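Colleague: Below is the file work_15.cif, which contains mmCIF, C-alpha atoms.
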```
data_work
loop_
_atom_site.label_atom_id
_atom_site.label_comp_id
_atom_site.auth_asym_id
_atom_site.auth_seq_id
_atom_site.Cartn_x
_atom_site.Cartn_y
_atom_site.Cartn_z
CA MET A 1 0.00 0.00 0.00
CA MET A 2 1.20 3.51 -0.80
CA TYR A 3 0.74 6.68 1.20
CA THR A 4 1.32 10.35 0.58
CA SER A 5 3.25 10.94 3.84
CA LEU A 6 4.02 9.45 7.23
CA ASP A 7 1.08 11.39 8.66
CA ASP A 8 -1.14 9.80 5.99
CA PHE A 9 0.03 6.32 7.04
CA ILE A 10 -0.71 7.09 10.69
CA ASP A 11 -4.16 8.47 9.84
CA GLN A 12 -5.13 5.51 7.64
CA SER A 13 -3.39 2.61 9.35
CA LYS A 14 -3.13 3.42 13.02
CA ASP A 15 -4.68 0.02 13.77
CA LEU A 16 -1.37 -1.54 12.63
CA LEU A 17 0.38 0.20 15.53
CA VAL A 18 -1.47 -1.62 18.30
CA LYS A 19 0.67 -4.70 19.01
CA GLY A 20 3.32 -5.06 16.32
CA PRO A 21 6.00 -5.94 15.69
CA VAL A 22 6.32 -3.11 13.16
CA ALA A 23 9.54 -2.60 11.16
CA LEU A 24 10.53 0.88 9.98
CA ILE A 25 13.06 0.57 7.15
CA PHE A 26 14.70 3.90 6.27
CA VAL A 27 16.02 3.91 2.71
CA GLU A 28 18.94 6.29 2.19
CA ASP A 29 20.02 5.17 -1.30
CA GLN A 30 19.26 2.47 -3.86
CA VAL A 31 21.60 -0.18 -2.43
CA GLU A 32 19.96 -3.53 -1.56
CA ILE A 33 16.50 -2.09 -0.95
CA ALA A 34 14.69 -5.25 -2.07
CA THR A 35 16.85 -7.68 -0.08
CA THR A 36 16.50 -5.58 3.07
CA LEU A 37 12.72 -5.53 2.82
CA ARG A 38 12.50 -9.22 1.91
CA HIS A 39 14.72 -10.20 4.84
CA HIS A 40 12.51 -8.40 7.35
CA LEU A 41 9.31 -9.72 5.79
CA GLN A 42 10.70 -13.26 6.08
CA THR A 43 11.68 -12.58 9.68
CA GLY A 44 7.98 -12.29 10.45
CA PHE A 45 7.25 -8.64 11.08
CA ASN A 46 3.50 -8.08 10.97
CA THR A 47 3.96 -4.70 9.31
CA VAL A 48 6.93 -3.39 7.29
CA LEU A 49 7.16 0.30 6.42
CA ALA A 50 9.49 1.34 3.63
CA LEU A 51 10.25 5.03 4.17
CA MET A 52 11.91 6.00 0.91
CA PRO A 53 12.03 8.62 -1.86
CA ASP A 54 9.41 8.36 -4.61
CA ALA A 55 12.17 8.08 -7.22
CA PHE A 56 13.33 4.67 -5.93
CA ASP A 57 11.79 1.53 -7.44
CA LEU A 58 10.40 -1.52 -5.67
CA PRO A 59 9.77 -4.95 -7.22
CA LYS A 60 6.06 -5.73 -7.59
CA ASP A 61 6.19 -8.72 -5.24
CA ILE A 62 7.50 -6.52 -2.45
CA MET A 63 5.29 -3.52 -3.25
CA SER A 64 2.20 -5.57 -2.43
CA LYS A 65 3.55 -6.61 0.97
CA VAL A 66 5.00 -3.40 2.42
CA HIS A 67 3.59 -0.01 3.31
CA ARG A 68 5.45 2.54 1.22
CA VAL A 69 5.83 6.02 2.69
CA PRO A 70 7.58 8.84 0.79
CA TYR A 71 10.40 10.07 2.98
CA ASP A 72 13.88 11.58 2.77
CA ALA A 73 15.88 9.75 5.43
CA THR A 74 19.08 11.65 4.61
CA ARG A 75 17.91 14.94 6.12
CA PRO A 76 19.40 15.79 9.54
CA GLN A 77 17.38 14.20 12.37
CA ALA A 78 14.88 12.81 9.84
CA VAL A 79 15.10 9.22 11.08
CA PHE A 80 14.77 10.15 14.74
CA ASN A 81 11.85 12.48 14.02
CA ALA A 82 10.02 9.74 12.12
CA VAL A 83 10.61 7.11 14.81
CA ASN A 84 9.38 9.49 17.50
CA LYS A 85 6.27 10.32 15.47
CA VAL A 86 5.46 6.61 15.17
CA ILE A 87 6.10 6.11 18.90
CA SER A 88 3.61 8.88 19.68
CA ALA A 89 0.99 7.36 17.38
CA ALA A 90 1.46 3.73 18.46
CA GLU A 91 -0.45 2.04 21.22
CA PRO A 92 1.71 1.78 24.37
CA GLY A 93 3.32 -1.65 24.37
CA CYS A 94 3.49 -1.99 20.58
CA TRP A 95 6.84 -3.46 19.51
CA LEU A 96 8.75 -1.31 17.01
CA TYR A 97 11.99 -1.81 15.11
CA TYR A 98 14.03 0.49 12.90
CA CYS A 99 17.02 0.11 10.59
CA TYR A 100 18.39 1.35 7.26
CA ASN A 101 18.64 -0.27 3.85
CA ALA A 102 21.51 -2.79 3.49
CA GLU A 103 20.99 -3.76 7.15
CA TYR A 104 19.70 -7.18 8.23
CA LEU A 105 18.34 -8.18 11.63
CA PHE A 106 19.50 -11.46 13.17
CA TYR A 107 18.50 -12.80 16.57
CA PRO A 108 19.10 -16.16 18.29
CA PHE A 109 17.48 -19.04 16.38
CA CYS A 110 15.92 -16.68 13.82
CA GLU A 111 16.05 -19.42 11.17
CA THR A 112 13.32 -21.40 12.95
CA ARG A 113 11.58 -18.87 15.21
CA SER A 114 9.69 -15.72 14.26
CA ILE A 115 10.36 -12.23 15.53
CA ALA A 116 6.98 -12.33 17.29
CA GLU A 117 7.98 -15.48 19.22
CA MET A 118 11.22 -13.88 20.31
CA LEU A 119 9.58 -10.63 21.41
CA SER A 120 6.83 -12.54 23.24
CA PHE A 121 9.50 -14.23 25.35
CA HIS A 122 11.32 -10.94 25.88
CA THR A 123 8.07 -9.33 27.05
CA GLU A 124 7.50 -12.16 29.53
CA GLU A 125 10.89 -11.30 31.00
CA ARG A 126 9.52 -7.80 31.65
CA ARG A 127 11.80 -6.18 29.11
CA ASP A 128 10.58 -3.24 27.04
CA ALA A 129 13.64 -2.89 24.80
CA MET A 130 16.40 -5.02 23.31
CA LEU A 131 20.03 -4.12 22.73
CA THR A 132 21.28 -4.84 19.22
CA TYR A 133 24.87 -4.71 18.08
CA VAL A 134 25.39 -3.16 14.65
CA ILE A 135 27.90 -5.57 13.09
CA ASP A 136 29.78 -4.13 10.13
CA LEU A 137 29.70 -6.18 6.93
CA TYR A 138 31.92 -5.49 3.93
CA ALA A 139 32.77 -6.98 0.55
CA GLY A 140 35.83 -9.20 0.54
CA ASP A 141 37.17 -7.83 -2.74
CA LEU A 142 36.86 -4.07 -3.27
CA GLN A 143 38.35 -4.37 -6.75
CA ALA A 144 35.42 -6.52 -7.84
CA THR A 145 32.90 -4.64 -5.67
CA PRO A 146 33.99 -1.01 -5.23
CA SER A 147 30.77 -0.15 -3.39
CA ALA A 148 31.86 -2.49 -0.52
CA VAL A 149 28.44 -4.18 -0.66
CA SER A 150 28.32 -7.85 -1.67
CA LEU A 151 25.83 -10.34 -0.26
CA GLU A 152 27.68 -13.26 -1.85
CA GLN A 153 31.16 -12.25 -0.62
CA ALA A 154 30.29 -10.58 2.69
CA TYR A 155 32.83 -10.52 5.52
CA LEU A 156 32.75 -9.39 9.16
CA ASP A 157 35.31 -8.99 11.94
CA LYS A 158 35.41 -12.05 14.18
CA SER A 159 37.16 -10.19 17.03
CA GLY A 160 38.23 -6.71 18.05
CA TYR A 161 35.02 -5.76 19.89
CA TYR A 162 35.08 -4.15 23.32
CA ALA A 163 32.93 -2.22 25.77
CA GLN A 164 33.47 0.77 28.05
CA ALA A 165 31.49 1.99 31.03
CA ARG A 166 28.89 4.60 30.13
CA PRO A 167 29.17 7.50 32.60
CA ASP A 168 26.18 9.43 33.87
CA PRO A 169 26.94 13.08 32.98
CA GLU A 170 25.23 14.27 36.15
CA THR A 171 27.08 12.07 38.64
CA GLY A 172 30.19 10.96 36.74
CA HIS A 173 29.52 7.38 37.85
CA PRO A 174 28.85 4.52 35.40
CA ARG A 175 25.20 4.02 34.53
CA ASP A 176 23.67 0.79 35.81
CA ARG A 177 23.69 -2.00 33.18
CA GLN A 178 24.75 0.32 30.38
CA LEU A 179 27.91 0.09 28.27
CA ASP A 180 29.24 1.73 25.13
CA PHE A 181 30.28 -0.91 22.59
CA PHE A 182 32.90 -0.52 19.87
CA GLY A 183 34.47 -2.62 17.13
CA GLY A 184 34.30 -3.54 13.49
CA VAL A 185 35.07 -1.19 10.64
CA ARG A 186 34.16 1.85 12.73
CA TRP A 187 36.88 0.96 15.21
CA ARG A 188 39.54 0.10 12.63
CA TYR A 189 38.93 3.25 10.60
CA GLU A 190 37.94 5.55 13.42
CA GLU A 191 40.01 8.42 11.98
CA HIS A 192 37.36 8.64 9.24
CA ILE A 193 34.38 8.24 11.58
CA PRO A 194 32.91 11.12 13.64
CA GLN A 195 33.25 10.40 17.34
CA SER A 196 29.47 10.48 17.78
CA SER A 197 29.11 7.62 15.24
CA ARG A 198 31.75 5.19 16.50
CA LYS A 199 29.58 3.12 18.86
CA ILE A 200 28.02 -0.08 17.55
CA ASP A 201 25.18 -0.41 20.07
CA ARG A 202 21.65 0.53 19.05
CA ILE A 203 18.31 -0.11 20.75
CA SER A 204 16.67 -1.27 17.53
CA LEU A 205 13.77 -3.17 19.14
CA PHE A 206 11.57 -1.47 21.71
CA ARG A 207 8.00 -1.03 22.93
CA ALA A 208 6.15 2.22 22.39
CA LYS A 209 5.48 4.18 25.56
CA THR A 210 3.80 7.49 26.32
CA ASN A 211 6.25 10.39 25.96
CA LEU A 212 9.16 8.06 25.02
CA LYS A 213 11.77 9.76 22.82
CA LEU A 214 14.56 8.36 20.66
CA LEU A 215 17.62 10.61 20.95
CA PRO A 216 20.06 11.48 18.12
CA ASP A 217 22.68 9.07 19.53
CA HIS A 218 20.34 6.05 19.08
CA ARG A 219 19.58 5.98 22.80
CA PHE A 220 16.28 6.72 24.57
CA ASP A 221 15.38 9.28 27.19
CA ASP A 222 14.16 6.44 29.44
CA GLN A 223 17.40 5.02 30.85
CA GLU A 224 15.95 1.54 31.45
CA TYR A 225 15.46 1.22 27.70
CA ASN A 226 19.23 1.69 27.26
CA THR A 227 20.20 -1.25 29.49
CA TYR A 228 21.56 -4.50 28.06
CA ALA A 229 19.89 -6.75 30.66
CA CYS A 230 17.57 -6.79 33.62
CA PRO A 231 19.09 -6.74 37.15
CA TRP A 232 18.72 -10.46 37.82
CA HIS A 233 20.07 -12.25 34.72
CA HIS A 234 21.27 -11.93 31.13
CA ASN A 235 18.65 -11.18 28.51
CA LEU A 236 18.36 -11.72 24.79
CA THR A 237 20.33 -9.45 22.50
CA ALA A 238 20.32 -9.31 18.71
CA ALA A 239 22.52 -8.13 15.84
CA VAL A 240 21.90 -5.78 12.93
CA CYS A 241 24.37 -6.87 10.25
CA SER A 242 25.08 -3.74 8.26
CA PHE A 243 26.92 -2.68 5.13
CA ARG A 244 26.13 0.95 5.96
CA THR A 245 29.52 1.99 7.38
CA ALA A 246 31.65 0.26 4.73
CA LYS A 247 29.41 1.67 2.02
CA ALA A 248 29.81 5.20 3.40
CA LEU A 249 33.57 4.92 3.79
CA LYS A 250 33.97 3.90 0.14
CA ARG A 251 31.56 6.56 -1.06
CA ASN A 252 33.26 9.38 0.86
CA PRO A 253 36.20 10.84 -1.12
CA GLY A 254 38.01 11.63 2.13
CA SER A 255 38.30 7.94 3.05
CA SER A 256 37.74 5.98 -0.15
CA PHE A 257 41.30 6.27 -1.50
CA ASP A 258 42.82 5.31 1.87
CA ILE A 259 41.06 1.92 1.87
CA ASP A 260 42.14 -0.74 -0.63
CA SER A 261 40.56 -3.57 1.34
CA PHE A 262 38.52 -3.91 4.52
CA ARG A 263 39.88 -7.42 5.12
CA TRP A 264 42.50 -8.07 7.81
CA HIS A 265 43.71 -11.10 9.76
CA ASN A 266 40.52 -11.14 11.87
CA SER A 267 38.13 -11.09 8.92
CA THR A 268 35.90 -14.09 8.29
CA PRO A 269 33.19 -14.80 5.71
CA PHE A 270 29.71 -14.01 6.96
CA GLU A 271 27.57 -17.15 6.91
CA TRP A 272 24.18 -15.38 7.12
CA HIS A 273 23.22 -17.57 10.07
CA SER A 274 22.51 -16.77 13.72
CA ARG A 275 24.74 -19.63 14.92
CA GLN A 276 27.86 -17.86 13.68
CA LEU A 277 26.90 -14.66 15.51
CA LEU A 278 26.20 -16.61 18.71
CA ASP A 279 29.51 -18.48 18.46
CA LEU A 280 31.38 -15.19 18.02
CA GLY A 281 29.61 -13.70 21.04
CA LEU A 282 27.95 -11.01 18.93
CA MET A 283 24.55 -11.68 20.45
CA GLU A 284 23.20 -13.38 23.54
CA PRO A 285 20.39 -15.99 23.83
CA GLY A 286 19.82 -15.21 27.52
CA GLN A 287 17.36 -17.71 29.00
CA TRP A 288 15.76 -18.51 25.63
CA PHE A 289 16.63 -22.03 24.47
#
```
Mind turning the file's structure into structure tokens?
Modeller:
Amino acid sequence: MMYTSLDDFIDQSKDLLVKGPVALIFVEDQVEIATTLRHHLQTGFNTVLALMPDAFDLPKDIMSKVHRVPYDATRPQAVFNAVNKVISAAEPGCWLYYCYNAEYLFYPFCETRSIAEMLSFHTEERRDAMLTYVIDLYAGDLQATPSAVSLEQAYLDKSGYYAQARPDPETGHPRDRQLDFFGGVRWRYEEHIPQSSRKIDRISLFRAKTNLKLLPDHRFDDQEYNTYACPWHHNLTAAVCSFRTAKALKRNPGSSFDIDSFRWHNSTPFEWHSRQLLDLGLMEPGQWF
């Protein structure tokens, strides 16, 4: 279904924002739009919104399954403004998710269990949000794929990830159950990455709540939403496997000519399977078996 604006979608289809899960896919360019949408449809989202410019094409089989909203996601704060507008319109408790094109959500056992099953368990554990690690993907051969995007020859870093305590600016003490996570291409090429964009943690999955706001650093104004686990045990986490950083580094003239290859001794082919991400410690099954 097609709409004239995000407000038009909310006016016509507010009933879709009652329970969820609803996926908001922000399309910045024409790279892997179809595969991104197909992946999240196959994951089991009840509703998938494609927020994208009118000039971009969609295959007919996808067009009939997604809700297309004209939107320019490249404008400053555009993504955060859209997410917050949907939060305000959604029924409290509705599960929402957001990502960009050329990003793919993986969670424990996603090959055999739907996103709704996973979020139902997470809800039973009294969790209203889920930490996701944005894992950088990149093409193994930049000579053959200068854009750095290749689904067939995708690589990721198998190590080099680390966390630091997240201080509370008011007290100077570390926030409870919150960490800043780093690694991947953003860590290895940090001289080309703005400091505000170097973290790889994102609260991609969360429940709508009255007056909840997503902040420009991908965190929420409710500090409990920013925690990686509840106080009594480890919880589920997920991974958003993303070509977005590698794509940007090769597109930017200031960094493109400094990078002949993203591969290093800790690169490994991405297997497009949750087991690999679990084995590498890039997501956590918690108490879900």
Colleague: List the spatial neighbours of Phe106 of chain A as a list in words - criterion: any atom at most 8 Å away, only C-alpha atoms, same-chain residues fewer than 4 positions off excluded.
Modeller: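 In the requested format, the answer is Cys110, Ala238, Ala239, Val240, Cys241, His273 and Ser274 of chain A.
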Colleague: Expanded to explicit residues, what is the PyMOL selection byres ((chain A and resi 134-148) around 9) for this file, as number ranges by chain?
Modeller: A: 103, 132-133, 149-157, 183-186, 199-202, 238-251, 259-263, 267, 269-270, 282
Colleague: If you count all atoms listed in the file, which residues fall within 12 Å of Pro231 of chain A, apart from same-chain ones fewer than 5 positions away, as number ranges by chain?
Modeller: A: 125-127, 176-178, 224
Colleague: Which residues fall under the PyMOL selection byres ((chain A and resi 230) around 12) in this file, as a list in words?
Modeller: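 Going through the file, the PyMOL selection byres ((chain A and resi 230) around 12) ends up selecting His122, Thr123, Glu125, Arg126, Arg127, Asp128, Ala129, Met130, Leu131, Asp176, Arg177, Gln178, Glu224, Tyr225, Asn226, Thr227, Tyr228, Ala229, Pro231, Trp232, His233, His234, Asn235, Leu236, Thr237, Gly286 and Gln287 of chain A.
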Colleague: Take the PyMOL selection byres ((chain A and resi 266) around 7), run it mentally on this structure, and tell me the resulting residues as a ChimeraX atom specification.
Modeller: /A:157-159,264-265,267-268
Colleague: Check the smallest atom-to-atom distance from each of A:Leu205, A:Leu214, A:Leu277, A:Ala82 to Leu119 of chain A using all atoms listed in the file, then report the winner.
Modeller: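 Of A:Leu205, A:Leu214, A:Leu277, A:Ala82, the one nearest Leu119 of chain A, counting all atoms listed in the file, is A:Leu205.
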Colleague: Considering all atoms listed in the file, return as number ranges by chain whatever protein or nucleic-acid residues lie within 9 Å of Lys14 of chain A, sequence-local ones (same chain, fewer than 6 positions apart) excluded.
Modeller: A: 89-91
Colleague: Just how far from atom CA of Gly44 of chain A is atom CA of Glu28 of chain A, in Å to one decimal?
Modeller: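 It comes out at 23.1 Å.
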Colleague: To one decimal place in Å, what is the distance between atom CA of Asp29 of chain A and atom CA of Ile193 of chain A?
Modeller: 19.5 Å
Colleague: Here is a test: counting all atoms listed in the file, which residue of A:Pro21, A:Pro108, A:Gly254, A:Pro59 is nearest to Ala34 of chain A?
Modeller: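 Once distances to Ala34 of chain A are computed over all atoms listed in the file, the minimum belongs to A:Pro59.
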Colleague: For a quick check of understanding, using only C-alpha atoms, which of A:Ile25, A:Ala208, A:Ala165, A:Ala73 has the smallest distance to Pro53 of chain A?
Modeller: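 The shortest atom-to-atom distance to Pro53 of chain A comes from A:Ala73.
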Colleague: Give the centre and edge lengths of an axis-aligned box, in Å to one decimal, that holds all listed atoms of segment 48-56 of chain A with 6 Å on each side, as JSON.
Modeller:
```
{"center_x": 10.1, "center_y": 2.6, "center_z": 0.0, "size_x": 18.4, "size_y": 24.0, "size_z": 26.5}
```
Colleague: Got a minute to add N, CA, C and O atoms to segment 214-231 of chain A and dump it as a tab-separated table (two decimals), in the frame of the given file?
Modeller:
```
chain	number	residue	atom	x	y	z
A	214	LEU	N	13.28	8.84	21.16
A	214	LEU	CA	14.56	8.36	20.66
A	214	LEU	C	15.47	9.56	20.46
A	214	LEU	O	15.09	10.54	19.81
A	215	LEU	N	16.67	9.50	21.02
A	215	LEU	CA	17.62	10.61	20.95
A	215	LEU	C	18.54	10.45	19.75
A	215	LEU	O	18.67	9.36	19.20
A	216	PRO	N	19.20	11.54	19.32
A	216	PRO	CA	20.06	11.48	18.12
A	216	PRO	C	21.26	10.55	18.22
A	216	PRO	O	21.92	10.30	17.21
A	217	ASP	N	21.56	10.01	19.40
A	217	ASP	CA	22.68	9.07	19.53
A	217	ASP	C	22.20	7.62	19.58
A	217	ASP	O	22.92	6.73	20.03
A	218	HIS	N	20.95	7.39	19.13
A	218	HIS	CA	20.34	6.05	19.08
A	218	HIS	C	20.02	5.52	20.47
A	218	HIS	O	19.74	4.32	20.62
A	219	ARG	N	20.03	6.38	21.48
A	219	ARG	CA	19.58	5.98	22.80
A	219	ARG	C	18.23	6.62	23.09
A	219	ARG	O	17.76	7.48	22.35
A	220	PHE	N	17.59	6.19	24.19
A	220	PHE	CA	16.28	6.72	24.57
A	220	PHE	C	16.39	7.59	25.81
A	220	PHE	O	17.35	7.48	26.59
A	221	ASP	N	15.37	8.42	26.00
A	221	ASP	CA	15.38	9.28	27.19
A	221	ASP	C	14.97	8.53	28.45
A	221	ASP	O	15.14	9.03	29.56
A	222	ASP	N	14.43	7.33	28.31
A	222	ASP	CA	14.16	6.44	29.44
A	222	ASP	C	15.39	5.54	29.60
A	222	ASP	O	15.66	4.69	28.76
A	223	GLN	N	16.13	5.71	30.69
A	223	GLN	CA	17.40	5.02	30.85
A	223	GLN	C	17.26	3.49	30.93
A	223	GLN	O	18.18	2.77	30.55
A	224	GLU	N	16.13	3.00	31.39
A	224	GLU	CA	15.95	1.54	31.45
A	224	GLU	C	15.92	0.94	30.05
A	224	GLU	O	16.36	-0.19	29.86
A	225	TYR	N	15.46	1.70	29.07
A	225	TYR	CA	15.46	1.22	27.70
A	225	TYR	C	16.88	1.03	27.17
A	225	TYR	O	17.10	0.26	26.24
A	226	ASN	N	17.85	1.73	27.74
A	226	ASN	CA	19.23	1.69	27.26
A	226	ASN	C	20.06	0.59	27.91
A	226	ASN	O	21.25	0.46	27.60
A	227	THR	N	19.45	-0.20	28.80
A	227	THR	CA	20.20	-1.25	29.49
A	227	THR	C	20.29	-2.50	28.63
A	227	THR	O	19.42	-2.77	27.80
A	228	TYR	N	21.36	-3.27	28.84
A	228	TYR	CA	21.56	-4.50	28.06
A	228	TYR	C	20.91	-5.71	28.70
A	228	TYR	O	20.78	-6.77	28.05
A	229	ALA	N	20.50	-5.62	29.97
A	229	ALA	CA	19.89	-6.75	30.66
A	229	ALA	C	19.13	-6.25	31.87
A	229	ALA	O	19.31	-5.12	32.32
A	230	CYS	N	18.26	-7.11	32.38
A	230	CYS	CA	17.57	-6.79	33.62
A	230	CYS	C	18.53	-7.02	34.80
A	230	CYS	O	19.61	-7.57	34.62
A	231	PRO	N	18.15	-6.62	36.02
A	231	PRO	CA	19.09	-6.74	37.15
A	231	PRO	C	19.39	-8.17	37.58
A	231	PRO	O	20.41	-8.41	38.22
```
